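Coordinates from start-v6.cif are shown below (mmCIF, C-alpha atoms).
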```
data_protein
#
loop_
_atom_site.group_PDB
_atom_site.id
_atom_site.type_symbol
_atom_site.label_atom_id
_atom_site.label_comp_id
_atom_site.auth_asym_id
_atom_site.auth_seq_id
_atom_site.Cartn_x
_atom_site.Cartn_y
_atom_site.Cartn_z
ATOM 1 C CA MET A 7 152.314 102.904 -119.702
ATOM 2 C CA ASP A 8 150.521 103.865 -116.493
ATOM 3 C CA THR A 9 146.797 103.953 -117.262
ATOM 4 C CA GLY A 10 145.844 103.910 -113.597
ATOM 5 C CA SER A 11 147.035 107.468 -113.034
ATOM 6 C CA LYS A 12 144.794 108.991 -115.693
ATOM 7 C CA LYS A 13 141.399 110.120 -114.530
ATOM 8 C CA HIS A 14 138.426 109.504 -116.782
ATOM 9 C CA ARG A 15 136.837 112.795 -117.763
ATOM 10 C CA LYS A 16 133.093 112.963 -117.719
ATOM 11 C CA VAL A 17 131.891 116.186 -119.325
ATOM 12 C CA VAL A 18 128.695 118.236 -119.061
ATOM 13 C CA PHE A 19 128.185 120.679 -121.906
ATOM 14 C CA VAL A 20 125.705 123.520 -121.331
ATOM 15 C CA THR A 21 124.364 125.634 -124.195
ATOM 16 C CA VAL A 22 122.013 128.626 -124.222
ATOM 17 C CA GLY A 23 122.281 129.272 -127.966
ATOM 18 C CA THR A 24 122.212 132.909 -129.049
ATOM 19 C CA THR A 25 119.822 134.020 -126.317
ATOM 20 C CA ARG A 26 120.350 135.173 -122.757
ATOM 21 C CA PHE A 27 119.523 132.489 -120.266
ATOM 22 C CA ASP A 28 121.382 133.731 -117.206
ATOM 23 C CA ARG A 29 119.191 131.725 -114.856
ATOM 24 C CA LEU A 30 120.360 128.470 -116.466
ATOM 25 C CA ILE A 31 124.015 129.503 -116.193
ATOM 26 C CA SER A 32 123.650 130.527 -112.548
ATOM 27 C CA THR A 33 121.772 127.281 -111.818
ATOM 28 C CA MET A 34 124.587 125.252 -113.358
ATOM 29 C CA CYS A 35 127.209 127.139 -111.307
ATOM 30 C CA ASP A 36 125.321 126.594 -108.038
ATOM 31 C CA ASP A 37 127.265 124.516 -105.488
ATOM 32 C CA THR A 38 124.328 122.137 -104.951
ATOM 33 C CA VAL A 39 124.124 121.364 -108.673
ATOM 34 C CA CYS A 40 127.903 120.989 -108.934
ATOM 35 C CA GLU A 41 127.892 118.577 -105.972
ATOM 36 C CA LYS A 42 125.134 116.489 -107.575
ATOM 37 C CA LEU A 43 126.982 116.402 -110.894
ATOM 38 C CA LYS A 44 130.169 115.352 -109.127
ATOM 39 C CA SER A 45 128.281 112.586 -107.290
ATOM 40 C CA LEU A 46 127.146 111.340 -110.721
ATOM 41 C CA GLY A 47 130.794 111.136 -111.800
ATOM 42 C CA PHE A 48 131.056 114.346 -113.819
ATOM 43 C CA THR A 49 134.461 116.017 -113.667
ATOM 44 C CA GLU A 50 134.149 118.960 -116.052
ATOM 45 C CA MET A 51 131.538 121.471 -117.193
ATOM 46 C CA ARG A 52 131.742 123.613 -120.328
ATOM 47 C CA LEU A 53 129.262 126.474 -120.571
ATOM 48 C CA GLN A 54 128.295 128.293 -123.755
ATOM 49 C CA ILE A 55 126.808 131.479 -122.288
ATOM 50 C CA GLY A 56 125.727 133.352 -125.436
ATOM 51 C CA ASN A 57 124.934 137.018 -124.804
ATOM 52 C CA GLY A 58 124.353 136.447 -121.103
ATOM 53 C CA GLU A 59 126.137 137.649 -118.008
ATOM 54 C CA LEU A 60 129.503 136.163 -117.213
ATOM 55 C CA PRO A 61 129.243 133.502 -114.529
ATOM 56 C CA LEU A 62 130.402 134.499 -111.079
ATOM 57 C CA ASP A 63 133.960 133.433 -110.356
ATOM 58 C CA ASN A 64 133.509 129.844 -109.272
ATOM 59 C CA ASN A 65 136.294 128.792 -106.925
ATOM 60 C CA ASN A 66 134.465 125.890 -105.336
ATOM 61 C CA ASP A 67 136.836 123.158 -106.618
ATOM 62 C CA ILE A 68 133.809 120.865 -106.929
ATOM 63 C CA ILE A 69 133.923 120.486 -110.700
ATOM 64 C CA ALA A 70 136.218 122.045 -113.322
ATOM 65 C CA MET A 71 134.454 124.780 -115.331
ATOM 66 C CA ASN A 72 135.158 126.897 -118.347
ATOM 67 C CA TYR A 73 132.923 129.034 -120.495
ATOM 68 C CA PHE A 74 132.733 130.873 -123.810
ATOM 69 C CA ARG A 75 130.167 133.019 -125.590
ATOM 70 C CA PHE A 76 130.039 131.728 -129.161
ATOM 71 C CA LYS A 77 131.895 129.468 -131.579
ATOM 72 C CA PRO A 78 131.325 128.870 -135.271
ATOM 73 C CA SER A 79 130.207 125.347 -134.364
ATOM 74 C CA LEU A 80 129.309 123.585 -131.120
ATOM 75 C CA ASN A 81 129.662 120.189 -132.759
ATOM 76 C CA SER A 82 132.928 119.178 -131.073
ATOM 77 C CA ASP A 83 131.658 120.302 -127.648
ATOM 78 C CA MET A 84 128.509 118.274 -128.110
ATOM 79 C CA GLU A 85 130.337 115.205 -129.399
ATOM 80 C CA THR A 86 132.752 115.098 -126.451
ATOM 81 C CA ALA A 87 130.009 115.646 -123.857
ATOM 82 C CA ASP A 88 128.586 112.832 -121.768
ATOM 83 C CA LEU A 89 125.581 115.007 -120.900
ATOM 84 C CA ILE A 90 124.207 118.003 -122.785
ATOM 85 C CA VAL A 91 122.158 120.555 -120.849
ATOM 86 C CA SER A 92 120.421 122.813 -123.329
ATOM 87 C CA HIS A 93 117.863 125.541 -123.711
ATOM 88 C CA ALA A 94 114.822 124.288 -125.604
ATOM 89 C CA GLY A 95 115.808 125.667 -129.006
ATOM 90 C CA ALA A 96 114.881 123.343 -131.858
ATOM 91 C CA GLY A 97 118.354 123.446 -133.411
ATOM 92 C CA SER A 98 120.164 122.527 -130.204
ATOM 93 C CA CYS A 99 117.658 119.786 -129.387
ATOM 94 C CA MET A 100 117.745 118.248 -132.851
ATOM 95 C CA GLU A 101 121.541 118.359 -133.068
ATOM 96 C CA SER A 102 121.940 116.742 -129.635
ATOM 97 C CA LEU A 103 119.367 114.058 -130.378
ATOM 98 C CA SER A 104 120.929 113.257 -133.749
ATOM 99 C CA MET A 105 124.182 112.513 -131.863
ATOM 100 C CA ASN A 106 122.269 110.217 -129.479
ATOM 101 C CA LYS A 107 123.558 112.144 -126.485
ATOM 102 C CA LEU A 108 122.020 112.186 -123.037
ATOM 103 C CA LEU A 109 120.044 115.431 -123.169
ATOM 104 C CA LEU A 110 118.480 117.473 -120.400
ATOM 105 C CA VAL A 111 116.477 120.430 -121.718
ATOM 106 C CA VAL A 112 115.776 123.391 -119.454
ATOM 107 C CA ILE A 113 112.805 125.602 -120.272
ATOM 108 C CA ASN A 114 113.391 129.350 -120.254
ATOM 109 C CA ASP A 115 110.082 130.468 -118.784
ATOM 110 C CA ASP A 116 111.156 134.111 -119.047
ATOM 111 C CA LEU A 117 110.424 133.997 -122.782
ATOM 112 C CA SER A 118 106.985 135.137 -123.903
ATOM 113 C CA GLU A 119 105.096 132.908 -126.346
ATOM 114 C CA ASN A 120 107.578 130.142 -125.663
ATOM 115 C CA HIS A 121 106.947 127.628 -128.453
ATOM 116 C CA GLN A 122 110.093 125.821 -127.314
ATOM 117 C CA THR A 123 108.196 124.461 -124.327
ATOM 118 C CA GLU A 124 105.872 122.376 -126.496
ATOM 119 C CA LEU A 125 108.785 120.945 -128.448
ATOM 120 C CA ALA A 126 110.712 120.033 -125.302
ATOM 121 C CA PHE A 127 107.695 118.465 -123.594
ATOM 122 C CA GLN A 128 106.853 116.420 -126.694
ATOM 123 C CA PHE A 129 110.410 115.059 -126.935
ATOM 124 C CA ALA A 130 110.309 114.282 -123.198
ATOM 125 C CA THR A 131 106.933 112.535 -123.575
ATOM 126 C CA ASP A 132 108.418 110.463 -126.399
ATOM 127 C CA GLY A 133 111.297 109.482 -124.092
ATOM 128 C CA TYR A 134 114.129 111.174 -125.994
ATOM 129 C CA LEU A 135 115.189 113.592 -123.248
ATOM 130 C CA LEU A 136 114.532 114.896 -119.777
ATOM 131 C CA CYS A 137 112.945 118.314 -119.423
ATOM 132 C CA CYS A 138 112.533 120.754 -116.532
ATOM 133 C CA LYS A 139 112.602 124.381 -115.439
ATOM 134 C CA CYS A 140 115.591 125.899 -113.636
ATOM 135 C CA LYS A 141 113.940 125.655 -110.228
ATOM 136 C CA ASP A 142 113.520 121.891 -110.711
ATOM 137 C CA PHE A 143 116.996 121.227 -112.098
ATOM 138 C CA PRO A 144 118.592 119.820 -108.914
ATOM 139 C CA ASN A 145 115.668 117.388 -108.545
ATOM 140 C CA ILE A 146 115.784 116.176 -112.156
ATOM 141 C CA LEU A 147 119.432 115.195 -111.633
ATOM 142 C CA ASP A 148 118.172 112.561 -109.184
ATOM 143 C CA HIS A 149 116.491 110.819 -112.144
ATOM 144 C CA LEU A 150 119.438 111.092 -114.523
ATOM 145 C CA SER A 151 121.197 107.827 -113.696
ATOM 146 C CA ASN A 152 117.987 105.807 -114.198
ATOM 147 C CA PHE A 153 116.925 107.550 -117.415
ATOM 148 C CA LYS A 154 117.320 105.427 -120.527
ATOM 149 C CA PRO A 155 116.502 107.641 -123.509
ATOM 150 C CA SER A 156 114.714 106.319 -126.568
ATOM 151 C CA PHE A 157 116.937 106.077 -129.603
ATOM 152 C CA TYR A 158 116.261 109.063 -131.855
ATOM 153 C CA THR A 159 116.312 108.443 -135.579
ATOM 154 C CA SER A 160 116.386 111.549 -137.713
ATOM 155 C CA GLY A 161 114.673 111.089 -140.979
ATOM 156 C CA ASN A 162 111.615 112.601 -142.488
ATOM 157 C CA PRO A 163 111.914 116.389 -141.956
ATOM 158 C CA SER A 164 108.262 116.884 -142.874
ATOM 159 C CA LEU A 165 107.231 115.119 -139.644
ATOM 160 C CA PHE A 166 108.961 117.832 -137.639
ATOM 161 C CA SER A 167 107.572 120.682 -139.708
ATOM 162 C CA ASN A 168 104.064 119.162 -139.519
ATOM 163 C CA TYR A 169 104.369 118.935 -135.738
ATOM 164 C CA MET A 170 105.556 122.562 -135.489
ATOM 165 C CA ASP A 171 102.657 123.655 -137.695
ATOM 166 C CA SER A 172 100.230 121.867 -135.385
ATOM 167 C CA VAL A 173 101.503 123.580 -132.217
ATOM 168 C CA LEU A 174 101.888 127.035 -133.688
#
```

Show me the file's structure as structure tokens.
Amino acid sequence: MDTGSKKHRKVVFVTVGTTRFDRLISTMCDDTVCEKLKSLGFTEMRLQIGNGELPLDNNNDIIAMNYFRFKPSLNSDMETADLIVSHAGAGSCMESLSMNKLLLVVINDDLSENHQTELAFQFATDGYLLCCKCKDFPNILDHLSNFKPSFYTSGNPSLFSNYMDSVL
């Protein structure tokens, strides 16, 4: 058996949920971002693009990419990912954190009354994830290799609902 010839895959999974977040998808497909991801050892990127625009044909050979709109469940994509890049939706954040995955949340500042921002910033303050806006994404990647997330323990759902009540 020749194990030396097999490359280790290191996967980034990107999810926008059911919304349009074209700016996140275009940011992820940018050559600068792909180069930074490659320098961090990532070899593949899977993008869940929701109702958004299809990504431009990416022939840069920097990092392997594929995309899809929706699936009944994103569980297998999340479980096989080494890094999850997500919109700030509560469901995506909670699911990623419950899997103890490295999570980078990107705020969609095009949304009005964006309650997701408070949730993302609170989780970042608590050390569970990194958080940024699209324009800052390439810079936040510089901090990724040194980031050691706090271990998230899901438990008392009333704590989450109490927090959401306090910010809304």

TODO: Report the residues retrieved by the PyMOL selection byres ((chain A and resi 48) around 12) from the displayed file, expressed as a PyMOL selection string.
DONE: chain A and resi 13-19+39-47+49-52+68-71+87-90+147+151

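Residue nearest Glu59 (chain A) within the list A:Asn81, A:Thr38, A:Ser164, A:Thr25: A:Thr25 [criterion: smallest interatomic distance, all atoms listed in the file].
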
Open item on the list: Quick one: residues within 12 Å of Leu60 (chain A), all atoms listed in the file, excluding same-chain residues fewer than 4 positions away - as a PyMOL selection string?
Closed with: chain A and resi 26-32+35+53-56+64+72-75

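Straight-line separation from CA of Thr86 (chain A) to CA of Val20 (chain A): 12.1 Å.
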
Open item on the list: Translate the PyMOL selection byres ((chain A and resi 129-135) around 12) into a concrete residue list for this structure, as a PyMOL selection string.
Closed with: chain A and resi 89-92+94+96+99-100+102-113+122-128+136-138+146+149-150+153-160+166+169

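Here CA of His93 (chain A) and CA of Gly58 (chain A) stand 13.0 Å from one another.
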
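Our summary of the geometry notes that CA of Thr21 (chain A) is positioned 20.8 Å from CA of Asp148 (chain A).
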